[in-house]
Each structure stands twice: as C-alpha cells, then as structure tokens.
file coords_18.txt (compact mmCIF, C-alpha atoms)
# COMPACT_ATOMS: atom_id res chain seq x y z
CA MET A 1 0.00 0.00 0.00
CA GLY A 2 1.48 3.33 -1.02
CA LEU A 3 1.11 6.83 0.33
CA PHE A 4 -1.61 7.74 -2.17
CA ASP A 5 -3.65 4.52 -2.11
CA LYS A 6 -6.95 6.25 -1.50
CA LYS A 7 -8.43 8.57 -4.08
CA ILE A 8 -9.34 11.88 -2.48
CA GLU A 9 -11.00 14.74 -4.30
CA VAL A 10 -10.14 18.18 -2.96
CA LYS A 11 -12.05 21.22 -4.13
CA GLY A 12 -12.63 24.79 -3.07
CA VAL A 13 -10.49 27.26 -1.19
CA ASN A 14 -9.00 27.26 2.28
CA TYR A 15 -9.79 29.70 5.07
CA PHE A 16 -7.41 32.33 3.68
CA GLY A 17 -8.70 32.19 0.12
CA LYS A 18 -6.15 29.98 -1.66
CA PRO A 19 -7.02 26.72 -3.46
CA LYS A 20 -7.06 23.97 -0.85
CA LEU A 21 -4.79 21.78 -2.95
CA PRO A 22 -1.62 23.63 -3.99
CA PRO A 23 -0.09 22.83 -7.40
CA GLY A 24 2.06 19.72 -7.51
CA GLN A 25 0.53 18.27 -4.34
CA THR A 26 -1.35 14.99 -3.87
CA PRO A 27 -3.89 14.60 -1.05
CA THR A 28 -3.48 11.84 1.53
CA VAL A 29 -5.22 10.72 4.70
CA LYS A 30 -1.90 9.40 6.01
CA PHE A 31 0.62 11.42 8.01
CA PRO A 32 4.07 10.30 6.81
CA VAL A 33 7.05 10.75 9.10
CA LEU A 34 9.87 12.65 7.43
CA THR A 35 12.76 13.54 9.71
CA TYR A 36 16.46 14.13 9.14
CA GLY A 37 18.37 12.39 11.90
CA GLU A 38 17.13 10.83 15.11
CA ILE A 39 13.94 11.78 16.92
CA PRO A 40 14.86 13.65 20.11
CA SER A 41 13.42 12.32 23.36
CA VAL A 42 11.92 15.39 25.06
CA THR A 43 9.47 14.94 27.92
CA LYS A 44 7.20 17.69 29.20
CA ASP A 45 8.94 17.79 32.58
CA VAL A 46 12.26 18.79 30.99
CA TRP A 47 10.92 20.76 28.02
CA HIS A 48 11.33 24.50 28.17
CA PHE A 49 11.02 27.31 25.67
CA VAL A 50 13.29 30.34 25.38
CA ALA A 51 12.88 33.60 23.44
CA TRP A 52 16.09 35.58 22.97
CA GLY A 53 18.03 37.81 20.60
CA LEU A 54 16.58 41.24 19.83
CA VAL A 55 14.27 41.36 22.84
CA GLU A 56 14.49 43.74 25.78
CA LYS A 57 14.47 40.78 28.17
CA GLU A 58 15.03 37.10 27.46
CA ARG A 59 12.09 34.89 28.47
CA ASP A 60 12.05 31.24 29.47
CA TRP A 61 8.90 29.11 29.95
CA THR A 62 8.45 25.65 31.44
CA TRP A 63 5.77 23.41 29.94
CA ASP A 64 3.25 24.33 32.63
CA GLU A 65 3.98 28.03 32.21
CA PHE A 66 3.60 27.80 28.44
CA MET A 67 0.24 26.07 28.83
CA LYS A 68 -1.03 29.09 30.75
CA LEU A 69 -0.63 31.25 27.63
CA PRO A 70 -3.75 31.75 25.46
CA GLN A 71 -4.63 28.49 23.70
CA THR A 72 -6.16 28.47 20.21
CA LYS A 73 -7.71 25.80 17.98
CA LEU A 74 -7.09 26.11 14.25
CA ARG A 75 -8.55 23.87 11.52
CA ALA A 76 -6.01 23.97 8.72
CA ASP A 77 -4.09 21.95 6.13
CA PHE A 78 -0.54 20.60 6.15
CA HIS A 79 1.62 20.69 3.01
CA CYS A 80 4.89 18.78 2.71
CA VAL A 81 7.49 19.74 0.12
CA THR A 82 7.63 16.06 -0.90
CA HIS A 83 4.30 16.56 -2.72
CA TRP A 84 1.68 15.38 -0.20
CA SER A 85 -0.97 17.32 1.70
CA ARG A 86 -3.29 16.52 4.62
CA PHE A 87 -6.53 18.42 5.08
CA ASP A 88 -8.75 19.80 7.84
CA ASP A 89 -6.89 18.65 10.92
CA GLU A 90 -7.62 20.56 14.11
CA TRP A 91 -4.43 21.92 15.62
CA GLU A 92 -4.24 23.36 19.11
CA GLY A 93 -1.54 25.47 20.70
CA VAL A 94 -0.24 28.98 21.22
CA MET A 95 -0.32 31.40 18.31
CA PHE A 96 2.96 33.16 17.64
CA ARG A 97 1.22 36.54 17.68
CA ASP A 98 -0.14 35.79 21.17
CA LEU A 99 3.28 34.76 22.44
CA VAL A 100 4.83 37.98 21.16
CA GLN A 101 2.47 39.95 23.41
CA HIS A 102 4.59 38.67 26.32
CA LEU A 103 7.82 39.97 24.81
CA LYS A 104 9.18 43.42 24.14
CA LEU A 105 10.93 43.26 20.78
CA LYS A 106 13.64 45.70 19.83
CA PRO A 107 12.78 47.87 16.79
CA GLU A 108 15.42 46.24 14.61
CA ALA A 109 13.94 42.73 15.02
CA GLU A 110 12.75 41.63 11.56
CA PHE A 111 13.41 37.88 11.38
CA VAL A 112 12.79 34.84 13.54
CA LEU A 113 15.03 31.77 13.69
CA GLN A 114 13.36 28.68 15.17
CA HIS A 115 15.61 26.40 17.21
CA ALA A 116 14.72 22.75 17.86
CA TYR A 117 15.95 20.09 20.21
CA GLY A 118 18.47 18.14 18.16
CA GLY A 119 19.92 21.26 16.52
CA TYR A 120 17.52 21.84 13.62
CA THR A 121 16.79 25.47 12.68
CA THR A 122 14.51 27.20 10.20
CA ASN A 123 13.79 30.85 9.48
CA LEU A 124 10.90 33.18 8.62
CA PRO A 125 10.41 36.94 8.49
CA LEU A 126 8.77 38.32 11.62
CA ARG A 127 5.92 39.80 9.57
CA TRP A 128 5.04 36.35 8.20
CA MET A 129 5.17 34.80 11.65
CA MET A 130 2.74 37.47 12.82
CA ASP A 131 0.36 37.38 9.84
CA GLU A 132 0.19 33.72 8.81
CA ASP A 133 -1.41 31.91 11.75
CA VAL A 134 1.89 30.39 12.87
CA MET A 135 1.26 28.20 15.90
CA PHE A 136 3.29 26.43 18.57
CA ALA A 137 1.22 23.25 18.36
CA HIS A 138 1.01 20.53 21.00
CA THR A 139 -2.28 18.82 20.03
CA ILE A 140 -3.76 17.51 16.78
CA ASN A 141 -7.33 16.29 16.49
CA GLY A 142 -7.70 16.25 20.26
CA LYS A 143 -4.60 14.13 20.94
CA PRO A 144 -1.09 15.12 22.05
CA LEU A 145 1.31 15.45 19.15
CA ASP A 146 3.33 12.24 18.74
CA PRO A 147 7.13 12.50 19.09
CA GLU A 148 7.69 11.47 15.46
CA HIS A 149 5.59 14.45 14.37
CA GLY A 150 7.38 16.90 16.64
CA GLY A 151 5.83 16.30 20.06
CA PRO A 152 5.62 17.49 22.65
CA MET A 153 5.53 20.71 20.60
CA ARG A 154 6.26 21.82 17.07
CA VAL A 155 5.76 24.93 14.99
CA PHE A 156 2.90 24.69 12.48
CA THR A 157 3.01 26.97 9.42
CA PRO A 158 -0.20 26.39 7.41
CA ARG A 159 0.72 28.91 4.69
CA ARG A 160 4.22 27.50 4.06
CA TYR A 161 5.68 24.09 3.33
CA ALA A 162 5.94 22.17 6.57
CA TRP A 163 9.72 22.28 6.98
CA LYS A 164 9.26 25.96 7.88
CA GLY A 165 7.79 24.79 11.19
CA ALA A 166 10.42 23.18 13.41
CA LYS A 167 9.57 19.95 15.19
CA TRP A 168 10.58 19.64 18.87
CA ILE A 169 10.74 23.40 19.23
CA ARG A 170 12.84 24.72 22.10
CA GLY A 171 13.10 28.43 21.33
CA ILE A 172 13.05 31.35 18.96
CA GLU A 173 15.75 33.91 18.24
CA PHE A 174 14.88 37.39 16.98
CA LEU A 175 17.33 38.80 14.42
CA ALA A 176 17.88 41.97 12.41
CA LYS A 177 19.06 40.05 9.34
CA ASP A 178 17.81 36.82 7.84
CA LYS A 179 19.71 33.66 8.75
CA PRO A 180 18.82 30.58 6.67
CA GLY A 181 18.22 27.38 8.60
CA PHE A 182 19.17 23.75 7.96
CA TRP A 183 17.19 23.02 4.80
CA GLU A 184 17.53 26.55 3.45
CA VAL A 185 21.33 26.26 3.32
CA ASN A 186 20.94 22.84 1.68
CA GLY A 187 19.06 23.98 -1.40
CA TYR A 188 15.48 24.51 -0.26
CA SER A 189 13.52 27.70 -0.90
CA ASN A 190 13.81 30.48 1.65
CA SER A 191 10.15 31.47 1.19
CA ALA A 192 8.50 28.03 0.72
CA ASP A 193 5.12 29.14 -0.65
CA PRO A 194 3.19 25.98 -1.69
CA TRP A 195 0.91 27.88 -4.09
CA ARG A 196 3.96 29.12 -6.00
CA GLU A 197 5.71 25.73 -5.69
CA GLU A 198 8.70 27.38 -4.04
CA ARG A 199 10.41 24.13 -3.16
CA PHE A 200 14.05 24.82 -4.01
CA TRP A 201 16.42 27.68 -4.80
call {"tool": "encode", "arguments": {"input": "coords_18.txt", "output": "structure tokens"}}
result
Amino acid sequence: MGLFDKKIEVKGVNYFGKPKLPPGQTPTVKFPVLTYGEIPSVTKDVWHFVAWGLVEKERDWTWDEFMKLPQTKLRADFHCVTHWSRFDDEWEGVMFRDLVQHLKLKPEAEFVLQHAYGGYTTNLPLRWMMDEDVMFAHTINGKPLDPEHGGPMRVFTPRRYAWKGAKWIRGIEFLAKDKPGFWEVNGYSNSADPWREERFW
C-alpha cells in the first residue's frame, strides 16, 4: 500500500482564500514521518522554551507556564514539500502573535530563527510569523502530538511548506538580518510558498 492509495478529491479554497490543494501536491489521509536524523526524546517535565536575541528581556517558559498562555484551535491543512498534503486537521496550541504579546521586541527585530531540540533550525520573516497563523502546536485532532511528528511541541506553518515549522521546538531567536536554517542552506527555498511551488532555490 502506497502513500496515495486512497483517491481523495479536494475542491474549493481554504480559510485564507487559496485553493485547498496547492499545485504539484497529492492529497493523503496518512501522516508520513519525514525527519532528518534521530527523533529527540523530550518529555514535558524537561521541556522549556526560550525567546532571545533582539528582545528587551530574554524569556524562558516551562511546559506548565507555556500552557497558561492563550490556547487556540485552528482547523487547517498541512503541506509537505515532498508533494503530499493533509486536510482539515484541528491543531491546538499557542499562536505566535499571542506569544509575542509577552515579549518586548527591539525595533530592529525583523526575522525569527526557530531552534529545535536536536539542533535543527529554520527561518521566517517576523511579519510572516505574525500574519500567517503560525502556531506552537502541542495537540492535533484532540490528541497530544506524537514525538515522530514533533511532540511534545512543534511549529505549524499552514501557509508554508511544513519544513518551515520546526519539530521539537525549544526556542526562537529574533534577528535583524535573515539567517537561513538547515534546509535553506541545503538547497530549499527560503520562502516556501506551496501555491507558487517554491520548493528549491
């Protein structure tokens, strides 16, 4: 049985007005695991999240502290650069724009570098992080996110290919200049727009 063994018809537009199925993508009900390297073992009792860089004061949250931040549910689609898409999952977590309310950014902060347990990094402009429903997700369809999919927490970027949301997130660094992350320095697009098929340089 392959990845696309069930015929799925996808029509219409998503909640932000783009076609639900981006060009070059094939719909699937499966959730393939695609990870470079080993899956980090991060339990909630040792997990913590740090925001640093161009902020007036560095912040550090434990899991319990992070769960006290505003929690949001978002029904959205997931697009992988390897040509598959999942649809209409319910994600739950903390929106980036809500987290930022607890930070005082310096005026020169224009980019965000996501840092994951295991060393993975990926980058996005601050304005995209604010405007594109970027979420620190810990739950999918009412269940805790599995470790192979980035649990206990990952970044979810519904308007970008999925590698732009780091699994096993441990912190974010605010920068004045863009700093490409792991896949970006290895040939993948810096902008990663699925509707423009921005897969590679």
call {"tool": "closest_residue", "arguments": {"input": "coords_18.txt", "among": "A:Thr35, A:Asp178, A:Phe136, A:Trp52", "to": "Leu69 of chain A", "atoms": "all atoms listed in the file"}}
result
A:Phe136
call {"tool": "closest_atom_pairs", "arguments": {"input": "coords_18.txt", "of": "segment 32-148 of chain A", "to": "segment 162-167 of chain A", "cutoff": "8 Å", "atoms": "only C-alpha atoms", "output": "Markdown table"}}
result
| residue | atom | partner | partner_atom | distance |
| --- | --- | --- | --- | --- |
| A:Phe78 | CA | A:Ala162 | CA | 6.7 |
| A:His79 | CA | A:Ala162 | CA | 5.8 |
| A:Cys80 | CA | A:Ala162 | CA | 5.2 |
| A:Val81 | CA | A:Ala162 | CA | 7.1 |
| A:Gln114 | CA | A:Ala166 | CA | 6.5 |
| A:His115 | CA | A:Ala166 | CA | 7.2 |
| A:Ala116 | CA | A:Ala166 | CA | 6.2 |
| A:Tyr120 | CA | A:Ala166 | CA | 7.2 |
| A:Thr121 | CA | A:Ala166 | CA | 6.8 |
| A:Thr122 | CA | A:Lys164 | CA | 5.9 |
| A:Asn123 | CA | A:Lys164 | CA | 6.9 |
| A:Leu124 | CA | A:Lys164 | CA | 7.4 |
call {"tool": "atom_distance", "arguments": {"input": "coords_18.txt", "atom1": "atom CA of Ala109 of chain A", "atom2": "atom CA of Arg97 of chain A"}}
result
14.4 Å
call {"tool": "atom_distance", "arguments": {"input": "coords_18.txt", "atom1": "atom CA of Asn141 of chain A", "atom2": "atom CA of Pro32 of chain A"}}
result
16.1 Å
call {"tool": "closest_atom_pairs", "arguments": {"input": "coords_18.txt", "of": "segment 100-179 of chain A", "to": "segment 183-198 of chain A", "cutoff": "7 Å", "atoms": "all atoms listed in the file", "output": "Markdown table"}}
result
| residue | atom | partner | partner_atom | distance |
| --- | --- | --- | --- | --- |
| A:Arg159 | CA | A:Asp193 | CA | 6.9 |
| A:Arg160 | CA | A:Asp193 | CA | 5.1 |
| A:Tyr161 | CA | A:Ala192 | CA | 5.5 |
call {"tool": "residues_near_point", "arguments": {"input": "coords_18.txt", "point": "(18.2, 40.4, 19.9)", "cutoff": "10 Å", "atoms": "all atoms listed in the file", "output": "MDAnalysis selection string"}}
result
chainID A and resid 51:58 105:109 173:176
call {"tool": "closest_residue", "arguments": {"input": "coords_18.txt", "among": "A:Trp47, A:Leu74, A:Trp201, A:Ser85", "to": "Glu9 of chain A", "atoms": "all atoms listed in the file"}}
result
A:Ser85
call {"tool": "closest_residue", "arguments": {"input": "coords_18.txt", "among": "A:Val46, A:Leu103, A:Val112, A:Val94", "to": "Arg154 of chain A", "atoms": "only C-alpha atoms"}}
result
A:Val94
call {"tool": "closest_residue", "arguments": {"input": "coords_18.txt", "among": "A:Lys20, A:Arg127, A:Arg59, A:His48", "to": "Asp88 of chain A", "atoms": "only C-alpha atoms"}}
result
A:Lys20
call {"tool": "atom_distance", "arguments": {"input": "coords_18.txt", "atom1": "atom CA of Val13 of chain A", "atom2": "atom CA of Asp77 of chain A"}}
result
11.1 Å
call {"tool": "residues_around", "arguments": {"input": "coords_18.txt", "residues": "Trp168 of chain A", "least_positions_apart": "3", "cutoff": "9 Å", "atoms": "all atoms listed in the file", "output": "PyMOL selection string"}}
result
chain A and resi 39-40+42+115-118+120+147+149-155
call {"tool": "closest_residue", "arguments": {"input": "coords_18.txt", "among": "A:Asp133, A:Ile140, A:Lys104, A:Leu145", "to": "Thr157 of chain A", "atoms": "only C-alpha atoms"}}
result
A:Asp133
call {"tool": "closest_residue", "arguments": {"input": "coords_18.txt", "among": "A:Thr26, A:Gln101, A:Ser41, A:Thr139", "to": "Met67 of chain A", "atoms": "all atoms listed in the file"}}
result
A:Thr139
call {"tool": "build_atoms", "arguments": {"input": "coords_18.txt", "residues": "segment 31-55 of chain A", "atoms": "N, CA and C atoms", "output": "PDB file, in the coordinates of the input"}}
result
ATOM      1  N   PHE A  31      -0.238  10.365   7.475  1.00  0.00           N
ATOM      2  CA  PHE A  31       0.620  11.420   8.010  1.00  0.00           C
ATOM      3  C   PHE A  31       2.041  10.869   8.040  1.00  0.00           C
ATOM      4  N   PRO A  32       2.722  10.883   6.884  1.00  0.00           N
ATOM      5  CA  PRO A  32       4.070  10.300   6.810  1.00  0.00           C
ATOM      6  C   PRO A  32       5.037  10.978   7.774  1.00  0.00           C
ATOM      7  N   VAL A  33       6.003  10.228   8.221  1.00  0.00           N
ATOM      8  CA  VAL A  33       7.050  10.750   9.100  1.00  0.00           C
ATOM      9  C   VAL A  33       8.290  10.998   8.268  1.00  0.00           C
ATOM     10  N   LEU A  34       8.672  12.260   8.172  1.00  0.00           N
ATOM     11  CA  LEU A  34       9.870  12.650   7.430  1.00  0.00           C
ATOM     12  C   LEU A  34      10.754  13.472   8.367  1.00  0.00           C
ATOM     13  N   THR A  35      11.867  12.903   8.739  1.00  0.00           N
ATOM     14  CA  THR A  35      12.760  13.540   9.710  1.00  0.00           C
ATOM     15  C   THR A  35      14.198  13.283   9.308  1.00  0.00           C
ATOM     16  N   TYR A  36      15.030  14.301   9.370  1.00  0.00           N
ATOM     17  CA  TYR A  36      16.460  14.130   9.140  1.00  0.00           C
ATOM     18  C   TYR A  36      17.121  13.876  10.494  1.00  0.00           C
ATOM     19  N   GLY A  37      17.728  12.713  10.635  1.00  0.00           N
ATOM     20  CA  GLY A  37      18.370  12.390  11.900  1.00  0.00           C
ATOM     21  C   GLY A  37      17.429  11.691  12.862  1.00  0.00           C
ATOM     22  N   GLU A  38      17.889  11.543  14.100  1.00  0.00           N
ATOM     23  CA  GLU A  38      17.130  10.830  15.110  1.00  0.00           C
ATOM     24  C   GLU A  38      16.036  11.717  15.705  1.00  0.00           C
ATOM     25  N   ILE A  39      15.021  11.062  16.244  1.00  0.00           N
ATOM     26  CA  ILE A  39      13.940  11.780  16.920  1.00  0.00           C
ATOM     27  C   ILE A  39      14.371  12.065  18.349  1.00  0.00           C
ATOM     28  N   PRO A  40      14.455  13.337  18.743  1.00  0.00           N
ATOM     29  CA  PRO A  40      14.860  13.650  20.110  1.00  0.00           C
ATOM     30  C   PRO A  40      13.835  13.140  21.122  1.00  0.00           C
ATOM     31  N   SER A  41      14.312  12.741  22.281  1.00  0.00           N
ATOM     32  CA  SER A  41      13.420  12.320  23.360  1.00  0.00           C
ATOM     33  C   SER A  41      13.291  13.499  24.327  1.00  0.00           C
ATOM     34  N   VAL A  42      12.145  14.189  24.239  1.00  0.00           N
ATOM     35  CA  VAL A  42      11.920  15.390  25.060  1.00  0.00           C
ATOM     36  C   VAL A  42      10.605  15.199  25.808  1.00  0.00           C
ATOM     37  N   THR A  43      10.672  15.076  27.106  1.00  0.00           N
ATOM     38  CA  THR A  43       9.470  14.940  27.920  1.00  0.00           C
ATOM     39  C   THR A  43       9.024  16.312  28.419  1.00  0.00           C
ATOM     40  N   LYS A  44       7.755  16.399  28.789  1.00  0.00           N
ATOM     41  CA  LYS A  44       7.200  17.690  29.200  1.00  0.00           C
ATOM     42  C   LYS A  44       7.852  18.220  30.476  1.00  0.00           C
ATOM     43  N   ASP A  45       8.345  17.326  31.324  1.00  0.00           N
ATOM     44  CA  ASP A  45       8.940  17.790  32.580  1.00  0.00           C
ATOM     45  C   ASP A  45      10.308  18.431  32.388  1.00  0.00           C
ATOM     46  N   VAL A  46      10.964  18.146  31.255  1.00  0.00           N
ATOM     47  CA  VAL A  46      12.260  18.790  30.990  1.00  0.00           C
ATOM     48  C   VAL A  46      12.174  19.825  29.874  1.00  0.00           C
ATOM     49  N   TRP A  47      11.087  19.798  29.105  1.00  0.00           N
ATOM     50  CA  TRP A  47      10.920  20.760  28.020  1.00  0.00           C
ATOM     51  C   TRP A  47      10.861  22.181  28.568  1.00  0.00           C
ATOM     52  N   HIS A  48      11.515  23.081  27.878  1.00  0.00           N
ATOM     53  CA  HIS A  48      11.330  24.500  28.170  1.00  0.00           C
ATOM     54  C   HIS A  48      11.554  25.291  26.894  1.00  0.00           C
ATOM     55  N   PHE A  49      11.041  26.485  26.867  1.00  0.00           N
ATOM     56  CA  PHE A  49      11.020  27.310  25.670  1.00  0.00           C
ATOM     57  C   PHE A  49      11.635  28.664  25.993  1.00  0.00           C
ATOM     58  N   VAL A  50      12.566  29.097  25.138  1.00  0.00           N
ATOM     59  CA  VAL A  50      13.290  30.340  25.380  1.00  0.00           C
ATOM     60  C   VAL A  50      13.098  31.282  24.194  1.00  0.00           C
ATOM     61  N   ALA A  51      12.904  32.559  24.474  1.00  0.00           N
ATOM     62  CA  ALA A  51      12.880  33.600  23.440  1.00  0.00           C
ATOM     63  C   ALA A  51      14.025  34.553  23.736  1.00  0.00           C
ATOM     64  N   TRP A  52      14.905  34.750  22.738  1.00  0.00           N
ATOM     65  CA  TRP A  52      16.090  35.580  22.970  1.00  0.00           C
ATOM     66  C   TRP A  52      16.466  36.323  21.696  1.00  0.00           C
ATOM     67  N   GLY A  53      17.591  37.008  21.744  1.00  0.00           N
ATOM     68  CA  GLY A  53      18.030  37.810  20.600  1.00  0.00           C
ATOM     69  C   GLY A  53      17.620  39.249  20.803  1.00  0.00           C
ATOM     70  N   LEU A  54      16.942  39.820  19.792  1.00  0.00           N
ATOM     71  CA  LEU A  54      16.580  41.240  19.830  1.00  0.00           C
ATOM     72  C   LEU A  54      15.276  41.447  20.604  1.00  0.00           C
ATOM     73  N   VAL A  55      15.353  41.110  21.894  1.00  0.00           N
ATOM     74  CA  VAL A  55      14.270  41.360  22.840  1.00  0.00           C
ATOM     75  C   VAL A  55      14.850  42.146  24.011  1.00  0.00           C
TER      76      VAL A  55
END
